[in-house]
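Take a look at the structure below.
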Amino acid sequence: MTVSSAPRFVPFDNFEQFHSALRAQLAQDIDALFDYAQLPNPLVDACRYVMTGQGKGVRPLLVASAFASIRAVSINATNNSSIEAGGINNNDELANLDSVLHDQVQYDMCRRAALAVELLHTYSLVHDDLPCMDDDELRRGQPTAHIVFNEATALLAGDVLQTLAFEVLTAEIPTFAPFDSLIASQLLAIFAPRARRMVAGQMLDINAEANSNISQADLESIHRDKTGALIEAAVLMGGICAQATAPQRIALQDCAQHIGLAFQVQDDILDVTTSTDALGKPAGSDEKLDKSTYVKLMGVDAAQHYAQSLFDGGRAAITRELGDGTNDSMGEGINENTESYALLELIEWLWARKK
């Protein structure tokens with residue numbers, strides 16, 4: 001195999017470095033994927049255009065952060081066990097080689113998962129922007145695909161990005177280690193139904209337009225699918241690549257469900273409080289389309305408090321299971337404070353976002 005030359009985003013040291021390394025890895029993997037796919041023009045140009053825009057990269061960040069957090073706990077537990085058993089046997093070169101190869105396969109499966117969720121998310125944005133949907137002309141700070149190319153090319157670009165999102169989990173791309181069939185099957189089992197839920201949630205969101213009687217429970221039901229399903233998939237897929245235990249997966253899902261709703265509430269708030277230039281997409285579009293939003297339902301201040309409570313719930317789910325450095329919920333703890341956890345720092349970054 002040919003090992004990627006991008007800086008590894010694990011182990012986690014600080015969020016800025018982690019984010020930068022992930023973006024570098026993702027950019028390299030996007031190039032490698034399109035070289036592999038050999039799409040015709042202008043389809044490949046449209047795909048590269050939408051995949052290399054200045055997006056936040058939240059979903060691949062969720063994959064990588066979950067992977068790094070679970071991996072840190074696992075490594076700490078292994079080190080503690082070795083110490084208790086009398087130390088690590090550094091003479092066992094074969095065991096060390098197996099460990100290095102295993103680590104590379106896990107890391108590359110995480111790369112595949114991060115790329116998969118970004119492909120699926122971007123396809124959904126391309127289709128959302130089409131004239132038959134939201135009819136938007138700006139996305140990620142640049143003209144939308146159907147404006148730069150044409151509507152047919154944009155439609156097909158979205159279609160092929162969706163199919164590549166699944167193909168990349170097992171594709172024989174030279175810059176990736178061979179895929180792990182057990183991990184890949186688990187990823188697909190998580191990814192596919194949540195991709196379907198995302199589309200169903202979009203339909204429910206359209207159905208709710210101009211509905212003045214929608215309740216908070218109805219709104220949350222829509223957004224647990226439209227926005228939350230892919231966020232849930234991203235977090236769980238990262239955990240699976242790091243071989244999370246069953247209790248850890250439960251904690252990751254609980255965290256992701258809180259973050260998924262919080263992210264949508266934030267989007268509704270930013271749509272009315274932030275400019276188009278800052279957002280990189282048209283501000284006020286929810287009002288233009290008469291969408292049902294948390295701001296319309298409860299007002300800006302109450303929506304902000306609600307978003308904060310949801311982020312707090314996501315943070316609590318992680319600290320309960322992974323430990324917080326003072327409460328040794330994992331037996332030995334990981335001997336770090338909460339700021340060292342990738343997922344917890346990502347939650348703080350999401351809470352502070354302005355676009």
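Starting from 1 in every chain, residues are counted up; chains themselves are A, B, ... following the order of the structure tokens, and ligands are numbered from 1 as listed.
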Give me the residues within 8 Å of stretch 214-231 of chain A as a CSV table (one decimal) with N, CA and C atoms, in the first residue's frame, counting only C-alpha atoms and dropping any in the same chain fewer than 5 places off.
chain,number,residue,atom,x,y,z
A,59,ARG,N,-18.9,17.3,9.7
A,59,ARG,CA,-19.1,15.9,9.7
A,59,ARG,C,-17.9,15.0,9.7
A,62,LEU,N,-16.4,15.3,13.1
A,62,LEU,CA,-17.1,14.4,14.0
A,62,LEU,C,-16.5,13.0,13.9
A,117,VAL,N,-18.9,10.7,4.7
A,117,VAL,CA,-19.9,11.6,5.3
A,117,VAL,C,-19.8,13.0,4.6
A,121,HIS,N,-22.9,14.6,2.6
A,121,HIS,CA,-23.4,15.9,3.0
A,121,HIS,C,-23.3,16.9,1.8
A,191,PHE,N,-24.3,3.7,8.2
A,191,PHE,CA,-24.4,4.8,7.3
A,191,PHE,C,-25.6,4.8,6.4
A,194,ARG,N,-29.1,5.9,7.9
A,194,ARG,CA,-29.1,7.3,8.3
A,194,ARG,C,-29.0,8.2,7.1
A,195,ALA,N,-28.5,7.7,6.0
A,195,ALA,CA,-28.5,8.4,4.7
A,195,ALA,C,-30.0,8.5,4.2
A,197,ARG,N,-32.6,8.3,6.2
A,197,ARG,CA,-33.3,9.2,7.1
A,197,ARG,C,-33.1,10.7,6.8
A,198,MET,N,-31.9,11.0,6.3
A,198,MET,CA,-31.6,12.4,6.0
A,198,MET,C,-32.5,12.8,4.8
A,199,VAL,N,-32.7,12.0,3.8
A,199,VAL,CA,-33.6,12.3,2.7
A,199,VAL,C,-35.0,12.4,3.1
A,200,ALA,N,-35.4,11.5,4.0
A,200,ALA,CA,-36.8,11.5,4.5
A,200,ALA,C,-37.1,12.8,5.3
A,201,GLY,N,-36.0,13.2,6.1
A,201,GLY,CA,-36.2,14.4,6.9
A,201,GLY,C,-36.3,15.6,6.0
A,202,GLN,N,-35.6,15.6,4.9
A,202,GLN,CA,-35.7,16.8,3.9
A,202,GLN,C,-37.1,16.9,3.4
A,204,LEU,N,-39.9,15.8,4.9
A,204,LEU,CA,-40.7,16.3,6.0
A,204,LEU,C,-40.5,17.8,6.2
A,205,ASP,N,-39.3,18.3,6.0
A,205,ASP,CA,-39.0,19.7,6.2
A,205,ASP,C,-39.8,20.5,5.1
A,208,ALA,N,-43.4,20.7,6.0
A,208,ALA,CA,-43.7,21.6,7.1
A,208,ALA,C,-43.7,23.1,6.7
A,256,ALA,N,-24.2,12.3,20.0
A,256,ALA,CA,-24.5,12.8,18.6
A,256,ALA,C,-26.0,13.3,18.5
A,257,GLN,N,-26.9,12.6,19.1
A,257,GLN,CA,-28.3,13.0,19.0
A,257,GLN,C,-28.5,14.4,19.6
A,259,ILE,N,-26.0,16.7,19.8
A,259,ILE,CA,-25.3,17.7,18.9
A,259,ILE,C,-26.1,17.9,17.6
A,260,GLY,N,-26.8,16.9,17.1
A,260,GLY,CA,-27.5,17.0,15.9
A,260,GLY,C,-28.6,18.0,16.0
A,261,LEU,N,-29.4,18.0,17.1
A,261,LEU,CA,-30.4,19.0,17.3
A,261,LEU,C,-29.9,20.3,17.5
A,263,PHE,N,-27.1,21.6,16.5
A,263,PHE,CA,-26.6,22.2,15.3
A,263,PHE,C,-27.7,22.8,14.5
A,264,GLN,N,-28.8,22.2,14.4
A,264,GLN,CA,-29.9,22.7,13.6
A,264,GLN,C,-30.5,24.0,14.3
A,292,SER,N,-40.3,26.2,8.8
A,292,SER,CA,-40.6,26.0,10.3
A,292,SER,C,-39.3,26.0,11.0
A,293,THR,N,-39.0,26.9,11.9
A,293,THR,CA,-37.7,26.9,12.5
A,293,THR,C,-37.9,27.1,14.0
A,294,TYR,N,-36.8,26.9,14.8
A,294,TYR,CA,-36.8,27.0,16.2
A,294,TYR,C,-37.0,28.5,16.6
A,297,LEU,N,-40.5,29.4,16.2
A,297,LEU,CA,-41.3,28.8,17.3
A,297,LEU,C,-41.1,29.4,18.6
What's the 7 Å shell around A:Gln248, counting only C-alpha atoms, without same-chain residues fewer than 4 positions away, as a PyMOL selection string?
chain A and resi 244+252+321
Take the residues that were just selected and, keeping N, CA and C atoms, output them as a short mmCIF file (atom, residue, chain, number, x, y, z; two decimals), in the first residue's frame.
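Generated file (again.cif):
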data_model
loop_
_atom_site.label_atom_id
_atom_site.label_comp_id
_atom_site.auth_asym_id
_atom_site.auth_seq_id
_atom_site.Cartn_x
_atom_site.Cartn_y
_atom_site.Cartn_z
N ALA A 244 -14.85 0.95 19.23
CA ALA A 244 -15.55 1.34 20.46
C ALA A 244 -16.32 0.16 21.04
N LEU A 252 -21.68 7.57 22.49
CA LEU A 252 -21.47 8.33 21.26
C LEU A 252 -22.79 8.67 20.59
N GLU A 321 -19.12 8.46 30.11
CA GLU A 321 -18.59 7.16 29.68
C GLU A 321 -17.07 7.15 29.57
#
So which residues of stretch 220-339 of chain A fall under alpha helix (DSSP H) by DSSP, listed as an MDAnalysis selection string?
chainID A and resid 220:226 228:241 246:273 276:279 285:288 294:298 300:322
Give me the residues within 10 Å of A:Tyr49 as a ChimeraX atom specification, counting only C-alpha atoms and dropping any in the same chain fewer than 3 places off.
/A:43-46,52-53,142,144-145,148-149,157
Any idea what's packed within 6 Å of stretch 164-166 of chain A, counting only C-alpha atoms, ignoring anything in its chain fewer than 3 positions away? Could you give it as a PyMOL selection string?
chain A and resi 116+119-120+161+169
Would you save the residues of that selection, restricted to all heavy atoms, as a CSV table (one decimal), in the first residue's frame?
chain,number,residue,atom,x,y,z
A,116,ALA,N,-16.6,9.7,3.3
A,116,ALA,CA,-17.9,9.2,3.0
A,116,ALA,C,-19.0,10.2,3.5
A,116,ALA,O,-19.9,10.6,2.8
A,116,ALA,CB,-18.2,7.9,3.6
A,119,LEU,N,-18.8,13.5,1.5
A,119,LEU,CA,-19.4,13.3,0.1
A,119,LEU,C,-21.0,13.3,0.2
A,119,LEU,O,-21.6,14.0,-0.6
A,119,LEU,CB,-19.0,11.9,-0.4
A,119,LEU,CG,-17.5,11.9,-0.9
A,119,LEU,CD1,-17.1,10.4,-1.0
A,119,LEU,CD2,-17.4,12.5,-2.3
A,120,LEU,N,-21.5,12.6,1.2
A,120,LEU,CA,-23.0,12.5,1.3
A,120,LEU,C,-23.5,13.9,1.7
A,120,LEU,O,-24.6,14.3,1.1
A,120,LEU,CB,-23.4,11.5,2.3
A,120,LEU,CG,-24.9,11.1,2.2
A,120,LEU,CD1,-25.1,10.1,1.1
A,120,LEU,CD2,-25.4,10.6,3.6
A,161,LEU,N,-21.8,11.9,-6.2
A,161,LEU,CA,-21.2,12.1,-4.9
A,161,LEU,C,-21.9,11.2,-3.9
A,161,LEU,O,-21.3,10.6,-3.0
A,161,LEU,CB,-21.4,13.5,-4.4
A,161,LEU,CG,-20.5,14.6,-5.2
A,161,LEU,CD1,-20.8,16.0,-4.6
A,161,LEU,CD2,-19.0,14.3,-5.1
A,169,LEU,N,-15.9,3.4,0.9
A,169,LEU,CA,-15.7,2.6,2.1
A,169,LEU,C,-15.0,1.3,1.8
A,169,LEU,O,-14.3,0.7,2.7
A,169,LEU,CB,-17.0,2.3,2.8
A,169,LEU,CG,-17.8,3.5,3.4
A,169,LEU,CD1,-19.1,3.1,4.0
A,169,LEU,CD2,-16.9,4.2,4.5
Per-residue DSSP, stretch 133-178 of chain A, filtered to strand (DSSP E), as a list of chain:residue names
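Listing strand (DSSP E) positions across stretch 133-178 of chain A yields A:Leu138, A:Arg139, A:Gln142, A:Pro143.
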Measuring atom to atom with only C-alpha atoms, identify which of A:Gly141, A:Gln25, A:Leu115, A:Gly55 is nearest to A:Thr276.
A:Gly141
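Comparing the minimum interatomic distances between A:Ala234 and each of A:Lys288, A:His146, A:His305, A:Arg111, counting only C-alpha atoms, we find that A:Arg111 sits nearest.
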Pick out the closest residue to A:Ser74 from this set: A:Val300, A:Asp103, A:Ala154, A:Met203. Count only C-alpha atoms.
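Residue with the minimum atom-to-atom distance to A:Ser74: A:Asp103.
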Using only C-alpha atoms, can you tell me which of A:Gln17, A:Ala6, A:Lys355, A:Asn41 comes closest to A:Ser275?
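Looking at the shortest contact to A:Ser275, the residue is A:Lys355.
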What does the distance between atom CA of A:Asp254 and atom CA of A:Glu345 come to in Å, to one decimal place?
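Here the two named atoms are 16.9 Å from each other.
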Between atom CA of A:Asp134 and atom CA of A:Arg353, what is the spacing in Å?
23.6 Å
Top pick for closest residue to A:Phe34, considering A:Leu138, A:Leu310, A:Met237, A:Ile173 and counting only C-alpha atoms
A:Ile173
Nearest to A:Ala171, chosen from A:Ala262, A:Met109, A:Val235, A:Cys255, with only C-alpha atoms counted in the distances:
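Among A:Ala262, A:Met109, A:Val235, A:Cys255, it is A:Met109 that comes nearest to A:Ala171.
Note that atom CA of A:Gly158 and atom CA of A:Ala242 are 29.6 Å apart.
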Contacts of A:Gly239 within 7 Å, only C-alpha atoms, excl. fewer than 5 positions in-chain, as a PyMOL selection string:
chain A and resi 66-67+70+244+249
Selected residues, all heavy atoms, written as a PDB file, in the first residue's frame, please.
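Wrote out11.pdb, looks like this:
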ATOM      1  N   ALA A  66     -14.447  11.489  17.152  1.00  0.00           N
ATOM      2  CA  ALA A  66     -14.902  10.281  17.842  1.00  0.00           C
ATOM      3  C   ALA A  66     -13.818   9.212  17.794  1.00  0.00           C
ATOM      4  O   ALA A  66     -13.543   8.528  18.790  1.00  0.00           O
ATOM      5  CB  ALA A  66     -16.191   9.767  17.206  1.00  0.00           C
ATOM      6  N   PHE A  67     -13.186   9.070  16.639  1.00  0.00           N
ATOM      7  CA  PHE A  67     -12.099   8.103  16.480  1.00  0.00           C
ATOM      8  C   PHE A  67     -10.961   8.411  17.454  1.00  0.00           C
ATOM      9  O   PHE A  67     -10.463   7.528  18.163  1.00  0.00           O
ATOM     10  CB  PHE A  67     -11.589   8.154  15.044  1.00  0.00           C
ATOM     11  CG  PHE A  67     -10.420   7.251  14.757  1.00  0.00           C
ATOM     12  CD1 PHE A  67     -10.602   5.891  14.544  1.00  0.00           C
ATOM     13  CD2 PHE A  67      -9.128   7.765  14.687  1.00  0.00           C
ATOM     14  CE1 PHE A  67      -9.516   5.053  14.278  1.00  0.00           C
ATOM     15  CE2 PHE A  67      -8.042   6.947  14.412  1.00  0.00           C
ATOM     16  CZ  PHE A  67      -8.238   5.582  14.209  1.00  0.00           C
ATOM     17  N   ILE A  70     -12.043   7.791  21.308  1.00  0.00           N
ATOM     18  CA  ILE A  70     -12.119   6.376  21.678  1.00  0.00           C
ATOM     19  C   ILE A  70     -10.733   5.745  21.642  1.00  0.00           C
ATOM     20  O   ILE A  70     -10.364   4.956  22.516  1.00  0.00           O
ATOM     21  CB  ILE A  70     -13.076   5.620  20.737  1.00  0.00           C
ATOM     22  CG1 ILE A  70     -14.499   6.156  20.879  1.00  0.00           C
ATOM     23  CG2 ILE A  70     -13.040   4.119  21.030  1.00  0.00           C
ATOM     24  CD1 ILE A  70     -15.099   6.037  22.261  1.00  0.00           C
ATOM     25  N   ALA A 244     -14.852   0.952  19.231  1.00  0.00           N
ATOM     26  CA  ALA A 244     -15.546   1.338  20.462  1.00  0.00           C
ATOM     27  C   ALA A 244     -16.324   0.162  21.037  1.00  0.00           C
ATOM     28  O   ALA A 244     -16.878  -0.656  20.300  1.00  0.00           O
ATOM     29  CB  ALA A 244     -16.504   2.498  20.174  1.00  0.00           C
ATOM     30  N   ARG A 249     -20.342   3.080  22.354  1.00  0.00           N
ATOM     31  CA  ARG A 249     -21.210   3.395  21.210  1.00  0.00           C
ATOM     32  C   ARG A 249     -22.521   4.025  21.669  1.00  0.00           C
ATOM     33  O   ARG A 249     -23.043   4.940  21.028  1.00  0.00           O
ATOM     34  CB  ARG A 249     -21.489   2.134  20.384  1.00  0.00           C
ATOM     35  CG  ARG A 249     -20.267   1.594  19.656  1.00  0.00           C
ATOM     36  CD  ARG A 249     -20.645   0.475  18.694  1.00  0.00           C
ATOM     37  NE  ARG A 249     -19.476  -0.235  18.204  1.00  0.00           N
ATOM     38  CZ  ARG A 249     -19.486  -1.108  17.217  1.00  0.00           C
ATOM     39  NH1 ARG A 249     -20.636  -1.376  16.580  1.00  0.00           N
ATOM     40  NH2 ARG A 249     -18.386  -1.715  16.826  1.00  0.00           N
TER      41      ARG A 249
END
Find the residues around A:Ile183 up to 8 Å (only C-alpha atoms counted), leave out those fewer than 2 positions away in its own chain, and share them as JSON, numbers by chain.
{"A": [109, 180, 181, 185, 186, 187, 240, 241]}
Save the residues we just selected, N, CA, C and O atoms, as a PDB file, in the first residue's frame?
ATOM      1  N   MET A 109      -9.465   3.388   7.661  1.00  0.00           N
ATOM      2  CA  MET A 109     -10.925   3.209   7.661  1.00  0.00           C
ATOM      3  C   MET A 109     -11.604   4.474   8.175  1.00  0.00           C
ATOM      4  O   MET A 109     -12.679   4.857   7.699  1.00  0.00           O
ATOM      5  N   ASP A 180     -10.847  -2.985   5.735  1.00  0.00           N
ATOM      6  CA  ASP A 180     -11.144  -4.053   6.690  1.00  0.00           C
ATOM      7  C   ASP A 180     -12.614  -4.428   6.498  1.00  0.00           C
ATOM      8  O   ASP A 180     -13.509  -3.603   6.710  1.00  0.00           O
ATOM      9  N   SER A 181     -12.889  -5.660   6.097  1.00  0.00           N
ATOM     10  CA  SER A 181     -14.246  -6.063   5.738  1.00  0.00           C
ATOM     11  C   SER A 181     -15.201  -6.010   6.931  1.00  0.00           C
ATOM     12  O   SER A 181     -16.377  -5.651   6.772  1.00  0.00           O
ATOM     13  N   SER A 185     -18.372  -3.431   6.938  1.00  0.00           N
ATOM     14  CA  SER A 185     -19.761  -3.892   7.046  1.00  0.00           C
ATOM     15  C   SER A 185     -20.490  -3.162   8.177  1.00  0.00           C
ATOM     16  O   SER A 185     -21.678  -2.819   8.045  1.00  0.00           O
ATOM     17  N   GLN A 186     -19.781  -2.904   9.267  1.00  0.00           N
ATOM     18  CA  GLN A 186     -20.394  -2.165  10.373  1.00  0.00           C
ATOM     19  C   GLN A 186     -20.649  -0.705   9.986  1.00  0.00           C
ATOM     20  O   GLN A 186     -21.681  -0.128  10.352  1.00  0.00           O
ATOM     21  N   LEU A 187     -19.725  -0.130   9.243  1.00  0.00           N
ATOM     22  CA  LEU A 187     -19.914   1.248   8.789  1.00  0.00           C
ATOM     23  C   LEU A 187     -21.124   1.366   7.875  1.00  0.00           C
ATOM     24  O   LEU A 187     -21.932   2.302   8.003  1.00  0.00           O
ATOM     25  N   ILE A 240     -16.681   3.298  15.556  1.00  0.00           N
ATOM     26  CA  ILE A 240     -16.530   1.941  15.013  1.00  0.00           C
ATOM     27  C   ILE A 240     -15.110   1.727  14.495  1.00  0.00           C
ATOM     28  O   ILE A 240     -14.502   0.680  14.726  1.00  0.00           O
ATOM     29  N   CYS A 241     -14.553   2.718  13.803  1.00  0.00           N
ATOM     30  CA  CYS A 241     -13.194   2.591  13.280  1.00  0.00           C
ATOM     31  C   CYS A 241     -12.175   2.431  14.404  1.00  0.00           C
ATOM     32  O   CYS A 241     -11.132   1.796  14.220  1.00  0.00           O
TER      33      CYS A 241
END
